[in-house]
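Q: Contents of start.cif (mmCIF, C-alpha atoms) are below:
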data_input
#
loop_
_atom_site.label_atom_id
_atom_site.label_comp_id
_atom_site.auth_asym_id
_atom_site.auth_seq_id
_atom_site.Cartn_x
_atom_site.Cartn_y
_atom_site.Cartn_z
CA MET A 1 0.00 0.00 0.00
CA ASN A 2 1.08 3.52 -0.71
CA PRO A 3 2.88 4.95 2.40
CA SER A 4 0.99 8.22 1.96
CA VAL A 5 -2.19 6.52 3.17
CA ASP A 6 -1.07 6.27 6.78
CA ARG A 7 0.06 9.86 6.83
CA ILE A 8 -3.27 11.03 5.43
CA ARG A 9 -5.04 8.95 8.07
CA SER A 10 -3.02 10.46 10.92
CA ARG A 11 -3.13 14.03 9.64
CA PHE A 12 -6.77 14.12 8.57
CA PRO A 13 -8.50 11.68 10.89
CA SER A 14 -11.93 13.26 10.46
CA ALA A 15 -11.77 13.37 6.66
CA PHE A 16 -10.24 9.94 6.08
CA LEU A 17 -12.85 7.29 5.40
CA ARG A 18 -11.11 4.18 4.08
CA ALA A 19 -8.42 2.99 1.73
CA GLU A 20 -8.17 0.07 -0.63
CA VAL A 21 -5.64 -1.39 -3.03
CA ILE A 22 -6.81 -2.74 -6.35
CA TRP A 23 -4.31 -4.08 -8.86
CA GLY A 24 -1.48 -2.34 -7.04
CA GLU A 25 -3.17 1.04 -7.16
CA THR A 26 -4.13 2.72 -3.93
CA THR A 27 -7.44 4.47 -3.58
CA VAL A 28 -8.21 6.68 -0.60
CA TYR A 29 -11.79 7.62 0.12
CA VAL A 30 -12.06 10.97 1.82
CA LYS A 31 -14.76 13.47 2.59
CA PRO A 32 -15.06 15.69 -0.47
CA GLU A 33 -15.09 18.96 1.47
CA ALA A 34 -11.56 18.22 2.77
CA VAL A 35 -10.06 17.45 -0.61
CA HIS A 36 -8.46 20.83 -1.05
CA ASP A 37 -6.57 20.58 2.27
CA ILE A 38 -5.48 17.01 1.63
CA VAL A 39 -4.27 17.76 -1.87
CA ARG A 40 -2.48 20.85 -0.57
CA TYR A 41 -0.68 18.65 1.95
CA LEU A 42 0.12 15.98 -0.63
CA HIS A 43 1.49 18.58 -3.00
CA ASP A 44 3.52 20.65 -0.53
CA ASP A 45 4.89 18.19 1.99
CA GLU A 46 8.49 17.14 1.50
CA SER A 47 7.73 13.49 2.16
CA GLU A 48 4.88 13.37 -0.41
CA GLN A 49 5.58 15.71 -3.32
CA TYR A 50 2.62 14.78 -5.47
CA ASP A 51 3.54 17.29 -8.13
CA TYR A 52 1.43 15.99 -10.99
CA LEU A 53 -2.34 15.89 -11.21
CA SER A 54 -3.02 13.48 -14.03
CA ASP A 55 -6.81 13.50 -14.02
CA VAL A 56 -9.95 14.79 -12.41
CA THR A 57 -13.07 12.89 -13.25
CA ALA A 58 -16.23 11.48 -11.75
CA VAL A 59 -18.11 8.20 -11.66
CA GLU A 60 -21.84 7.76 -11.39
CA TYR A 61 -23.35 4.31 -11.01
CA ARG A 62 -26.64 3.16 -12.42
CA ASP A 63 -27.88 2.58 -8.93
CA LEU A 64 -30.30 4.36 -6.65
CA GLU A 65 -28.08 4.33 -3.57
CA LEU A 66 -24.45 4.25 -4.63
CA PRO A 67 -23.02 7.76 -4.34
CA LEU A 68 -21.47 9.73 -7.16
CA GLN A 69 -17.68 9.69 -6.88
CA VAL A 70 -15.35 12.49 -7.81
CA VAL A 71 -11.88 11.14 -8.55
CA TRP A 72 -8.49 12.81 -8.41
CA HIS A 73 -5.48 11.02 -9.82
CA LEU A 74 -2.25 12.21 -8.23
CA ARG A 75 1.26 11.22 -9.13
CA SER A 76 4.48 11.89 -7.27
CA LEU A 77 7.32 12.00 -9.74
CA PRO A 78 10.18 12.18 -7.16
CA TYR A 79 8.87 9.18 -5.16
CA ARG A 80 7.24 7.41 -8.12
CA ARG A 81 3.94 7.00 -6.34
CA PHE A 82 0.42 6.98 -7.60
CA LEU A 83 -2.55 7.87 -5.44
CA ARG A 84 -6.21 7.98 -6.29
CA LEU A 85 -8.40 10.17 -4.13
CA LYS A 86 -12.12 9.66 -4.18
CA GLY A 87 -14.77 11.87 -2.68
CA GLU A 88 -18.28 10.52 -2.49
CA ILE A 89 -21.37 12.68 -2.88
CA GLN A 90 -24.57 11.01 -1.70
CA LYS A 91 -27.63 11.00 -3.96
CA GLY A 92 -29.61 14.17 -3.47
CA GLU A 93 -26.73 16.17 -2.08
CA PRO A 94 -25.55 19.21 -4.03
CA LEU A 95 -22.73 18.33 -6.40
CA ARG A 96 -20.16 20.63 -4.92
CA VAL A 97 -16.48 19.95 -4.23
CA PRO A 98 -13.54 22.26 -3.68
CA SER A 99 -11.39 23.12 -6.66
CA VAL A 100 -7.68 22.31 -6.66
CA TYR A 101 -6.96 24.96 -9.26
CA SER A 102 -4.98 27.00 -6.72
CA ILE A 103 -2.64 24.03 -6.29
CA TYR A 104 -2.43 22.69 -9.83
CA ALA A 105 -3.02 25.16 -12.64
CA GLY A 106 -3.50 22.12 -14.86
CA ALA A 107 -6.74 21.40 -13.07
CA ASP A 108 -8.32 24.22 -15.06
CA TRP A 109 -9.56 22.24 -18.06
CA LEU A 110 -9.92 18.97 -16.14
CA GLU A 111 -12.40 20.54 -13.76
CA ARG A 112 -14.16 22.33 -16.58
CA GLU A 113 -14.60 19.02 -18.40
CA CYS A 114 -15.90 17.38 -15.24
CA TYR A 115 -18.34 20.25 -14.78
CA ASP A 116 -19.38 20.03 -18.41
CA MET A 117 -20.06 16.31 -18.35
CA PHE A 118 -21.37 15.80 -14.79
CA GLY A 119 -22.45 19.23 -13.58
CA ILE A 120 -20.17 19.11 -10.57
CA GLU A 121 -19.46 22.57 -9.23
CA PHE A 122 -15.81 23.08 -8.31
CA VAL A 123 -15.83 25.81 -5.70
CA GLY A 124 -12.89 28.13 -6.22
CA HIS A 125 -12.39 27.53 -9.93
CA PRO A 126 -11.94 30.94 -11.55
CA ASP A 127 -13.61 30.19 -14.88
CA LEU A 128 -15.98 27.28 -14.51
CA ARG A 129 -17.83 26.92 -17.82
CA ARG A 130 -18.40 24.28 -20.45
CA ILE A 131 -15.42 23.10 -22.44
CA LEU A 132 -16.53 20.22 -24.69
CA MET A 133 -20.11 21.21 -25.36
CA TRP A 134 -20.75 24.74 -26.50
CA GLU A 135 -21.63 27.37 -23.94
CA GLN A 136 -25.27 27.69 -24.93
CA TYR A 137 -25.81 23.92 -24.62
CA ALA A 138 -29.07 23.61 -22.70
CA GLU A 139 -29.76 19.88 -22.53
CA GLY A 140 -27.94 19.16 -19.31
CA PHE A 141 -24.89 17.15 -18.38
CA PRO A 142 -24.34 14.26 -20.81
CA LEU A 143 -22.48 11.74 -18.65
CA ARG A 144 -25.04 11.75 -15.87
CA LYS A 145 -27.07 8.58 -15.68
CA ASP A 146 -30.38 10.43 -15.93
CA PHE A 147 -29.32 11.85 -19.29
CA PRO A 148 -30.83 9.98 -22.25
CA LEU A 149 -28.22 8.89 -24.74
CA ARG A 150 -29.75 10.86 -27.58
CA GLY A 151 -30.14 14.00 -25.52
CA ARG A 152 -33.28 15.63 -24.26
CA PHE A 153 -34.28 17.58 -27.35
CA SER A 154 -35.46 16.23 -30.66
CA ARG A 155 -33.01 15.81 -33.49
CA SER A 156 -34.35 18.76 -35.44
CA GLU A 157 -34.24 21.00 -32.38
CA GLN A 158 -30.67 19.90 -31.63
CA LEU A 159 -29.68 20.68 -35.20
CA ARG A 160 -31.44 24.02 -35.13
CA GLN A 161 -29.68 25.06 -31.94
CA ALA A 162 -26.32 23.82 -33.16
CA LEU A 163 -26.58 25.69 -36.45
CA ALA A 164 -27.66 28.84 -34.64
CA ALA A 165 -24.37 28.87 -32.75
CA GLN A 166 -21.69 31.26 -33.87
CA PRO A 167 -18.42 29.37 -34.41
CA GLU A 168 -16.42 32.50 -33.73
CA SER A 169 -18.03 33.02 -30.36
CA ARG A 170 -16.09 30.07 -28.93
CA TYR A 171 -12.78 31.87 -29.12
CA SER A 172 -11.23 34.61 -27.06
CA MET A 173 -10.58 38.00 -28.58
CA THR A 174 -6.88 37.31 -28.91
CA GLU A 175 -7.61 34.29 -31.06
CA LEU A 176 -9.78 36.25 -33.45
CA THR A 177 -8.01 38.32 -36.03
CA VAL A 178 -11.33 39.91 -36.82
CA ALA A 179 -13.09 40.87 -33.63
CA ASP A 180 -16.40 41.55 -35.29
CA ALA A 181 -18.01 38.50 -33.69
CA PHE A 182 -17.97 40.39 -30.42
CA GLU A 183 -21.53 41.61 -30.70
CA ASP A 184 -22.80 38.07 -31.28
CA LEU A 185 -21.40 36.75 -28.03
CA PRO A 186 -23.56 36.09 -24.98
CA LEU A 187 -23.60 38.90 -22.46
CA ASP A 188 -21.55 37.12 -19.80
CA MET A 189 -18.85 36.27 -22.31
CA ARG A 190 -18.69 39.87 -23.48
CA GLN A 191 -18.24 41.00 -19.90
CA ARG A 192 -15.50 38.45 -19.32
CA LEU A 193 -13.65 39.39 -22.49
CA ALA A 194 -14.02 43.09 -21.79
CA GLY A 195 -12.33 42.42 -18.47
CA GLY A 196 -9.21 41.37 -20.33
CA GLU A 197 -9.51 37.61 -20.12
CA LYS A 198 -6.87 35.90 -22.23
CA THR A 199 -7.75 32.22 -21.90
CA GLY A 200 -9.91 30.76 -24.62
CA GLU A 201 -10.56 27.22 -25.61
CA MET H 1 -36.89 19.11 -46.96
CA GLY H 2 -39.43 20.55 -49.30
CA LEU H 3 -38.13 21.82 -52.57
CA THR H 4 -39.10 25.19 -53.93
CA ALA H 5 -41.05 24.69 -57.10
CA ARG H 6 -40.18 27.16 -59.77
CA PRO H 7 -43.38 28.22 -61.54
CA ASP H 8 -41.69 29.34 -64.75
CA HIS H 9 -39.84 26.10 -65.12
CA GLN H 10 -41.29 23.51 -67.45
CA LEU H 11 -40.20 20.03 -66.66
CA VAL H 12 -40.13 18.37 -70.06
CA THR H 13 -39.68 20.43 -73.18
CA VAL H 14 -38.05 18.52 -75.97
CA SER H 15 -38.56 20.36 -79.18
CA PRO H 16 -36.17 21.00 -82.04
CA GLN H 17 -35.87 24.64 -81.02
CA SER H 18 -34.74 23.77 -77.54
CA GLN H 19 -32.10 21.32 -78.66
CA GLU H 20 -28.67 22.60 -77.90
CA GLY H 21 -26.38 23.42 -80.68
CA TRP H 22 -23.14 21.75 -81.53
CA VAL H 23 -21.11 24.57 -79.97
CA ALA H 24 -22.95 24.38 -76.64
CA THR H 25 -22.55 20.64 -76.28
CA ARG H 26 -18.88 20.77 -77.24
CA LEU H 27 -18.33 23.60 -74.79
CA ASP H 28 -20.09 21.58 -72.11
CA PHE H 29 -17.85 18.65 -72.89
CA LEU H 30 -14.72 20.77 -72.69
CA VAL H 31 -15.68 22.54 -69.47
CA ASN H 32 -16.84 19.35 -67.78
CA TRP H 33 -13.72 17.51 -68.88
CA GLY H 34 -11.62 20.21 -67.32
CA ARG H 35 -13.63 20.33 -64.12
CA ALA H 36 -13.89 16.60 -63.66
CA ASN H 37 -10.16 16.13 -63.98
CA SER H 38 -9.12 18.92 -61.65
CA LEU H 39 -11.43 18.53 -58.67
CA TRP H 40 -9.57 20.13 -55.81
CA PRO H 41 -10.72 18.60 -52.55
CA MET H 42 -11.31 20.45 -49.35
CA PRO H 43 -10.46 17.73 -46.81
CA PHE H 44 -12.71 17.89 -43.80
CA GLY H 45 -11.29 14.96 -41.87
CA THR H 46 -12.60 14.45 -38.36
CA ALA H 47 -12.04 10.78 -37.63
CA CYS H 48 -10.63 7.50 -38.88
CA CYS H 49 -12.02 8.06 -42.39
CA ALA H 50 -9.46 10.83 -42.70
CA ILE H 51 -6.71 8.23 -42.27
CA GLU H 52 -8.10 6.31 -45.24
CA PHE H 53 -8.41 9.58 -47.10
CA MET H 54 -4.73 10.29 -46.43
CA ALA H 55 -3.88 6.80 -47.62
CA THR H 56 -5.85 7.53 -50.78
CA ALA H 57 -3.87 10.69 -51.33
CA ALA H 58 -0.55 8.97 -50.64
CA SER H 59 1.63 7.32 -53.26
CA LYS H 60 0.11 3.84 -53.34
CA TYR H 61 -3.40 4.91 -54.35
CA ASP H 62 -2.24 8.24 -55.73
CA LEU H 63 -5.17 10.61 -55.91
CA ALA H 64 -3.07 12.77 -58.21
CA ARG H 65 -4.14 10.49 -61.06
CA PHE H 66 -7.53 12.16 -60.83
CA GLY H 67 -6.15 15.67 -60.71
CA MET H 68 -6.88 15.86 -57.00
CA GLU H 69 -3.40 16.01 -55.56
CA ARG H 70 -3.87 19.62 -54.63
CA MET H 71 -5.53 19.58 -51.21
CA SER H 72 -7.14 22.92 -50.79
CA PHE H 73 -7.13 23.91 -47.17
CA SER H 74 -8.85 27.14 -48.07
CA PRO H 75 -12.49 26.46 -48.89
CA ARG H 76 -12.47 29.40 -51.30
CA GLN H 77 -10.16 27.53 -53.65
CA ALA H 78 -11.79 24.13 -53.35
CA ASP H 79 -14.24 22.26 -55.56
CA VAL H 80 -15.13 19.18 -53.54
CA LEU H 81 -15.83 19.08 -49.85
CA ILE H 82 -14.84 15.60 -48.68
CA CYS H 83 -16.30 15.11 -45.24
CA ALA H 84 -14.36 12.18 -43.80
CA GLY H 85 -15.61 11.22 -40.39
CA ARG H 86 -18.31 11.98 -37.88
CA VAL H 87 -19.48 15.54 -37.43
CA PRO H 88 -20.46 16.53 -33.90
CA PHE H 89 -23.10 19.16 -33.36
CA LYS H 90 -20.38 21.55 -32.28
CA LEU H 91 -18.89 21.30 -35.76
CA ALA H 92 -22.22 21.65 -37.57
CA PRO H 93 -22.03 25.45 -37.95
CA VAL H 94 -18.38 25.12 -38.97
CA ILE H 95 -18.97 22.70 -41.82
CA ARG H 96 -21.93 24.73 -43.00
CA ARG H 97 -19.78 27.87 -42.95
CA ILE H 98 -17.08 26.08 -44.95
CA TRP H 99 -19.66 24.95 -47.49
CA GLN H 100 -20.95 28.50 -47.81
CA GLN H 101 -17.42 29.78 -48.30
CA MET H 102 -16.77 27.45 -51.22
CA LEU H 103 -17.42 28.96 -54.62
CA GLN H 104 -19.63 27.44 -57.28
CA PRO H 105 -19.24 25.02 -58.89
CA LYS H 106 -18.90 22.88 -55.78
CA TRP H 107 -19.66 19.31 -54.84
CA CYS H 108 -19.67 17.29 -51.67
CA ILE H 109 -18.64 13.72 -50.92
CA SER H 110 -19.84 12.22 -47.67
CA MET H 111 -17.22 9.63 -46.83
CA GLY H 112 -18.08 6.81 -44.47
CA ALA H 113 -21.07 5.70 -42.44
CA CYS H 114 -20.78 8.41 -39.79
CA ALA H 115 -20.76 11.34 -42.18
CA SER H 116 -23.59 9.80 -44.19
CA SER H 117 -25.91 8.77 -41.39
CA GLY H 118 -24.32 9.25 -38.00
CA GLY H 119 -23.21 5.61 -38.15
CA MET H 120 -22.93 3.92 -34.80
CA PHE H 121 -22.94 7.28 -33.02
CA ASP H 122 -26.66 7.58 -32.50
CA ASN H 123 -26.19 9.85 -29.51
CA TYR H 124 -26.56 13.37 -28.21
CA ALA H 125 -23.38 14.76 -29.73
CA VAL H 126 -23.25 13.63 -33.36
CA VAL H 127 -25.06 14.96 -36.41
CA GLN H 128 -27.12 12.17 -37.97
CA GLY H 129 -25.80 12.59 -41.49
CA ILE H 130 -24.26 15.74 -42.91
CA ASP H 131 -27.03 15.89 -45.51
CA THR H 132 -29.11 17.45 -42.75
CA ILE H 133 -26.75 20.43 -42.98
CA ILE H 134 -25.37 20.62 -46.51
CA PRO H 135 -26.24 18.97 -49.84
CA VAL H 136 -24.32 15.81 -50.64
CA ASP H 137 -23.53 14.50 -54.13
CA VAL H 138 -21.92 11.14 -53.40
CA TYR H 139 -22.19 8.95 -50.34
CA VAL H 140 -19.34 6.49 -49.83
CA PRO H 141 -20.31 3.63 -47.52
CA GLY H 142 -17.87 1.88 -45.25
CA CYS H 143 -16.48 2.11 -41.76
CA PRO H 144 -14.10 3.43 -42.89
CA PRO H 145 -14.22 2.93 -46.66
CA ARG H 146 -11.10 1.53 -48.22
CA PRO H 147 -9.22 3.83 -50.59
CA GLU H 148 -10.74 1.90 -53.48
CA GLY H 149 -14.16 2.82 -52.16
CA LEU H 150 -13.33 6.49 -51.98
CA ILE H 151 -11.80 6.39 -55.45
CA TYR H 152 -14.96 4.75 -56.74
CA GLY H 153 -16.97 7.56 -55.17
CA ILE H 154 -14.70 10.12 -56.74
CA MET H 155 -15.12 8.48 -60.14
CA MET H 156 -18.88 8.56 -59.64
CA LEU H 157 -18.62 12.25 -58.92
CA GLN H 158 -16.54 12.70 -62.05
CA GLU H 159 -19.27 11.00 -64.05
CA LYS H 160 -21.80 13.34 -62.48
CA VAL H 161 -19.69 16.36 -63.34
CA LYS H 162 -19.29 15.17 -66.92
CA ARG H 163 -23.07 14.95 -67.34
CA GLU H 164 -23.67 18.56 -66.32
CA ARG H 165 -25.05 20.92 -68.94
CA MET H 166 -24.80 24.66 -68.82
CA SER H 167 -28.24 24.94 -70.38
CA ASP H 168 -29.71 23.39 -67.26
CA GLU H 169 -31.25 26.35 -65.49
CA ARG H 170 -31.44 24.61 -62.17
CA LEU H 171 -27.92 23.29 -62.19
CA ARG H 172 -26.62 25.49 -59.37
CA ASP H 173 -29.85 26.14 -57.53
CA GLU H 174 -29.38 26.17 -53.81
CA MET H 175 -32.72 25.49 -52.25
CA GLU H 176 -33.85 26.31 -48.76
CA PRO H 177 -36.76 24.51 -47.08
CA ASP H 178 -40.00 26.12 -48.14
CA PRO H 179 -42.92 25.56 -45.73
CA THR H 180 -45.44 26.47 -48.45
CA SER H 181 -44.29 23.62 -50.64
CA LYS H 182 -46.32 20.43 -50.68
CA LEU H 183 -43.14 18.43 -50.24
CA TYR H 184 -42.26 20.17 -47.00
CA ILE H 185 -42.26 17.99 -43.88
CA PRO H 186 -42.20 19.94 -40.64
CA PRO H 187 -39.44 19.06 -38.14
CA HIS H 188 -41.74 17.51 -35.55
CA ALA H 189 -43.16 15.13 -38.16
CA ILE H 190 -39.63 14.09 -39.08
CA ASP H 191 -38.90 13.50 -35.40
CA GLU H 192 -41.95 11.28 -35.04
CA LEU H 193 -40.94 9.29 -38.08
CA SER H 194 -37.33 8.91 -37.03
CA GLU H 195 -37.80 8.25 -33.33
CA PRO H 196 -37.43 4.44 -33.08
CA PHE H 197 -34.70 4.35 -35.70
CA GLY H 198 -31.26 3.38 -34.55
CA ASN H 199 -29.25 0.60 -33.05
CA SER H 200 -31.50 0.01 -30.08
CA VAL H 201 -34.96 1.12 -29.11
CA HIS H 202 -33.76 1.34 -25.50
CA GLN H 203 -31.40 4.15 -26.24
CA THR H 204 -33.85 6.87 -25.45
CA ARG H 205 -34.57 5.58 -21.98
CA SER H 206 -33.77 7.94 -19.21
CA GLY H 207 -33.29 7.50 -15.51
CA LEU H 208 -32.02 4.52 -13.63
#
Hey, can you dump this file as structure tokens for me?

A:
Amino acid sequence: MNPSVDRIRSRFPSAFLRAEVIWGETTVYVKPEAVHDIVRYLHDDESEQYDYLSDVTAVEYRDLELPLQVVWHLRSLPYRRFLRLKGEIQKGEPLRVPSVYSIYAGADWLERECYDMFGIEFVGHPDLRRILMWEQYAEGFPLRKDFPLRGRFSRSEQLRQALAAQPESRYSMTELTVADAFEDLPLDMRQRLAGGEKTGE
Amino acid sequence: MGLTARPDHQLVTVSPQSQEGWVATRLDFLVNWGRANSLWPMPFGTACCAIEFMATAASKYDLARFGMERMSFSPRQADVLICAGRVPFKLAPVIRRIWQQMLQPKWCISMGACASSGGMFDNYAVVQGIDTIIPVDVYVPGCPPRPEGLIYGIMMLQEKVKRERMSDERLRDEMEPDPTSKLYIPPHAIDELSEPFGNSVHQTRSGL
């Protein structure tokens, strides 16, 4: 078992739930609200040095009772360790977990994708919006189990909405040589871009 | 999609006066010969079909034999839009914009099952056939089609180009759906007709 598990257990006794090893990979179940502190410790501490966040994702089971799991994959390059953190959100609870963006800047798009597909709100993420689906996508969160495979709208309505989208409106102003798509953007995007935001898709 | 009927257009008029002259038919032949043998493709490759398309363009299958070695990555200098691969809804406005940017005369080849019908991707993200967005001249079946299949489709398109006649008034008509036409089917009727179609009737189920 990964030696980090015992240190997490002793340092965060109230947040630590259980740990298991499957196929040589260690998974630690923790309370989701403590994830930011635990990841901060794992990233900063000299004896851990988990300096690489390889993935943030979520798992929902086709089951009425099993909770939805948010998963963080951490890797320590100096110690060559892999650790999987899981936070469980019970059915009916608000899908809200802390963001680790302040620790790993690379969590930016990972958390946006997780929000886009599952609707999980990452508290503390500076720019939480859709990344794979377009911003005006109104059918919901596609990887949730209550989402029908073909989407909620009819095919013709989906096509109508997709064709109504402005391809230019997906890019930031710096990516557009011609900024004349500005007026076509949604209001919140215009406000963000007017504030000098540089990150686009 | 209902087609706009043109009131001044008579469907069948074969009379000696309307027969084309020798010059017109020869000019047609010359123009079509030139066009058919220099179709510049606009490659719109989104998936594995694009790999087969690249193989077709490479030395073994050698698309240059058909005058198509010049891949035109600017739609304004392209003749054939070859859509190779699935088109997600996010790309739907993009491919329509590219089609609108291409100059007449222009043609479209839908390469592979996904571009032609959505293929196995009968889901929330994929357009169910690019002919719901842009007009298609040749559909190439396959998943993905072999280079021979694509070349066969290209040769079919060449035959189509060679049969074009400048005297055809409706040759370059671009028609929009016309709700007043008798052929028009409203979207909700199409949805009702197409609902159970697909790989599995259970796909639309929702919930646990």

Q: So what do you get for CA of Phe122 in chain A versus CA of Val100 in chain A, distance-wise?

A: 8.3 Å

Q: Could you list the residues chosen by the PyMOL selection byres ((chain A) within 12 of (chain H)) in this structure as a PyMOL selection string?

A: chain A and resi 60-66+117+131-170

Q: Evaluate the PyMOL selection byres ((chain H and resi 155-166) around 6) here and jot the selected residues down as a list in words.

A: Asp28, Asn32, Ala36, Tyr152, Gly153, Ile154, Ser167 and Asp168 of chain H

Q: With distances taken over all atoms listed in the file, which residue among H:Thr25, H:Ile151, H:Leu30, H:Trp40 lies nearest Glu69 in chain H?

A: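 Ranking H:Thr25, H:Ile151, H:Leu30, H:Trp40 by distance to Glu69 in chain H, first place goes to H:Trp40.
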
Q: With distances taken over all atoms listed in the file, which of A:Glu113, A:Asp37, A:Asp127, A:Asp44 is nearest to Arg11 in chain A?

A: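 Result for the nearest residue to Arg11 in chain A: A:Asp37.
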
Q: Enter the distance from CA of Cys49 in chain H to CA of Glu174 in chain H, in Å, rounded to one decimal.

A: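 About the pair CA of Cys49 in chain H and CA of Glu174 in chain H: they are 27.6 Å apart.
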
Q: Take the PyMOL selection byres ((chain A and resi 59) around 8), run it mentally on this structure, and tell me the resulting residues as a PyMOL selection string.

A: chain A and resi 57-58+60-61+68-71

Q: Would you compute the distance between CA of Trp107 in chain H and CA of Phe66 in chain H? Give it in Å to one decimal.

A: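 Between CA of Trp107 in chain H and CA of Phe66 in chain H the gap works out to 15.3 Å.
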
Q: Just want the 7 Å neighbourhood of Ile120 in chain A, counted on only C-alpha atoms, with same-chain residues fewer than 5 positions away dropped. Output as a list in words.

A: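 Selected residues are Leu95, Arg96, Cys114 and Tyr115 of chain A.
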
Q: Between A:Val97, A:Leu185, A:Met1, A:Leu17, which residue has the minimum interatomic distance to Glu111 in chain A, considering all atoms listed in the file?

A: A:Val97

Q: I need the residue nearest Ala78 in chain H from this list: H:Ser38, H:Ala24, H:Met102, H:Pro135. Use only C-alpha atoms for the distance.

A: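 Among the listed residues, H:Met102 lies closest to Ala78 in chain H.
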
Q: Taking into account all atoms listed in the file, which residue in the set A:Val39, A:Leu128, A:Ala107, A:Leu85 is nearest to Thr26 in chain A?

A: A:Leu85

Q: Fewer than 2 positions away in the same chain doesn't count, so skip those; otherwise give me all residues within 12 Å of Phe12 in chain A, counting only C-alpha atoms, as JSON, numbers by chain.

A: {"A": [4, 5, 6, 7, 8, 9, 10, 14, 15, 16, 17, 18, 28, 29, 30, 31, 33, 34, 35, 36, 37, 38, 39, 41, 42]}

Q: Near Glu52 in chain H, within 8 Å and counting only C-alpha atoms, which residues show up once chain neighbours fewer than 6 positions away are dropped, as JSON, numbers by chain?

A: {"H": [144, 145, 146, 147]}

Q: Could the centre and edge lengths of an axis-aligned box, enclosing all atoms of range 22-36 of chain H in the file with 3 Å extra on each side, be given in Å to one decimal as JSON?

A:
{"center_x": -17.4, "center_y": 20.6, "center_z": -72.6, "size_x": 17.5, "size_y": 14.0, "size_z": 23.9}

Q: Can you tell me which residues surround Pro141 in chain H at a distance of at most 8 Å, considering all atoms listed in the file, apart from same-chain residues fewer than 6 positions away, and format the answer as a PyMOL selection string?

A: chain H and resi 111-113+116+149

Q: Since the input has fewer atoms than a full residue there, write range 86-100 of chain H out with N, CA and C atoms, as a PDB file, in the frame of the given file.

A:
ATOM      1  N   ARG H  86     -17.096  11.508 -38.546  1.00  0.00           N
ATOM      2  CA  ARG H  86     -18.310  11.980 -37.880  1.00  0.00           C
ATOM      3  C   ARG H  86     -18.230  13.477 -37.639  1.00  0.00           C
ATOM      4  N   VAL H  87     -19.388  14.099 -37.661  1.00  0.00           N
ATOM      5  CA  VAL H  87     -19.480  15.540 -37.430  1.00  0.00           C
ATOM      6  C   VAL H  87     -20.285  15.764 -36.160  1.00  0.00           C
ATOM      7  N   PRO H  88     -19.678  16.230 -35.095  1.00  0.00           N
ATOM      8  CA  PRO H  88     -20.460  16.530 -33.900  1.00  0.00           C
ATOM      9  C   PRO H  88     -21.263  17.808 -34.088  1.00  0.00           C
ATOM     10  N   PHE H  89     -22.265  17.977 -33.236  1.00  0.00           N
ATOM     11  CA  PHE H  89     -23.100  19.160 -33.360  1.00  0.00           C
ATOM     12  C   PHE H  89     -22.285  20.437 -33.208  1.00  0.00           C
ATOM     13  N   LYS H  90     -21.208  20.356 -32.456  1.00  0.00           N
ATOM     14  CA  LYS H  90     -20.380  21.550 -32.280  1.00  0.00           C
ATOM     15  C   LYS H  90     -19.724  21.959 -33.581  1.00  0.00           C
ATOM     16  N   LEU H  91     -19.505  20.993 -34.473  1.00  0.00           N
ATOM     17  CA  LEU H  91     -18.890  21.300 -35.760  1.00  0.00           C
ATOM     18  C   LEU H  91     -19.921  21.634 -36.834  1.00  0.00           C
ATOM     19  N   ALA H  92     -21.200  21.452 -36.537  1.00  0.00           N
ATOM     20  CA  ALA H  92     -22.220  21.650 -37.570  1.00  0.00           C
ATOM     21  C   ALA H  92     -22.177  23.064 -38.159  1.00  0.00           C
ATOM     22  N   PRO H  93     -22.115  24.124 -37.334  1.00  0.00           N
ATOM     23  CA  PRO H  93     -22.030  25.450 -37.950  1.00  0.00           C
ATOM     24  C   PRO H  93     -20.724  25.656 -38.708  1.00  0.00           C
ATOM     25  N   VAL H  94     -19.677  24.947 -38.305  1.00  0.00           N
ATOM     26  CA  VAL H  94     -18.380  25.120 -38.970  1.00  0.00           C
ATOM     27  C   VAL H  94     -18.426  24.538 -40.380  1.00  0.00           C
ATOM     28  N   ILE H  95     -18.962  23.313 -40.491  1.00  0.00           N
ATOM     29  CA  ILE H  95     -18.970  22.700 -41.820  1.00  0.00           C
ATOM     30  C   ILE H  95     -19.945  23.432 -42.722  1.00  0.00           C
ATOM     31  N   ARG H  96     -21.017  23.949 -42.161  1.00  0.00           N
ATOM     32  CA  ARG H  96     -21.930  24.730 -43.000  1.00  0.00           C
ATOM     33  C   ARG H  96     -21.254  26.028 -43.455  1.00  0.00           C
ATOM     34  N   ARG H  97     -20.489  26.655 -42.567  1.00  0.00           N
ATOM     35  CA  ARG H  97     -19.780  27.870 -42.950  1.00  0.00           C
ATOM     36  C   ARG H  97     -18.762  27.562 -44.055  1.00  0.00           C
ATOM     37  N   ILE H  98     -18.062  26.449 -43.928  1.00  0.00           N
ATOM     38  CA  ILE H  98     -17.080  26.080 -44.950  1.00  0.00           C
ATOM     39  C   ILE H  98     -17.776  25.864 -46.283  1.00  0.00           C
ATOM     40  N   TRP H  99     -18.927  25.189 -46.244  1.00  0.00           N
ATOM     41  CA  TRP H  99     -19.660  24.950 -47.490  1.00  0.00           C
ATOM     42  C   TRP H  99     -20.105  26.281 -48.108  1.00  0.00           C
ATOM     43  N   GLN H 100     -20.530  27.212 -47.276  1.00  0.00           N
ATOM     44  CA  GLN H 100     -20.950  28.500 -47.810  1.00  0.00           C
ATOM     45  C   GLN H 100     -19.772  29.296 -48.354  1.00  0.00           C
TER      46      GLN H 100
END
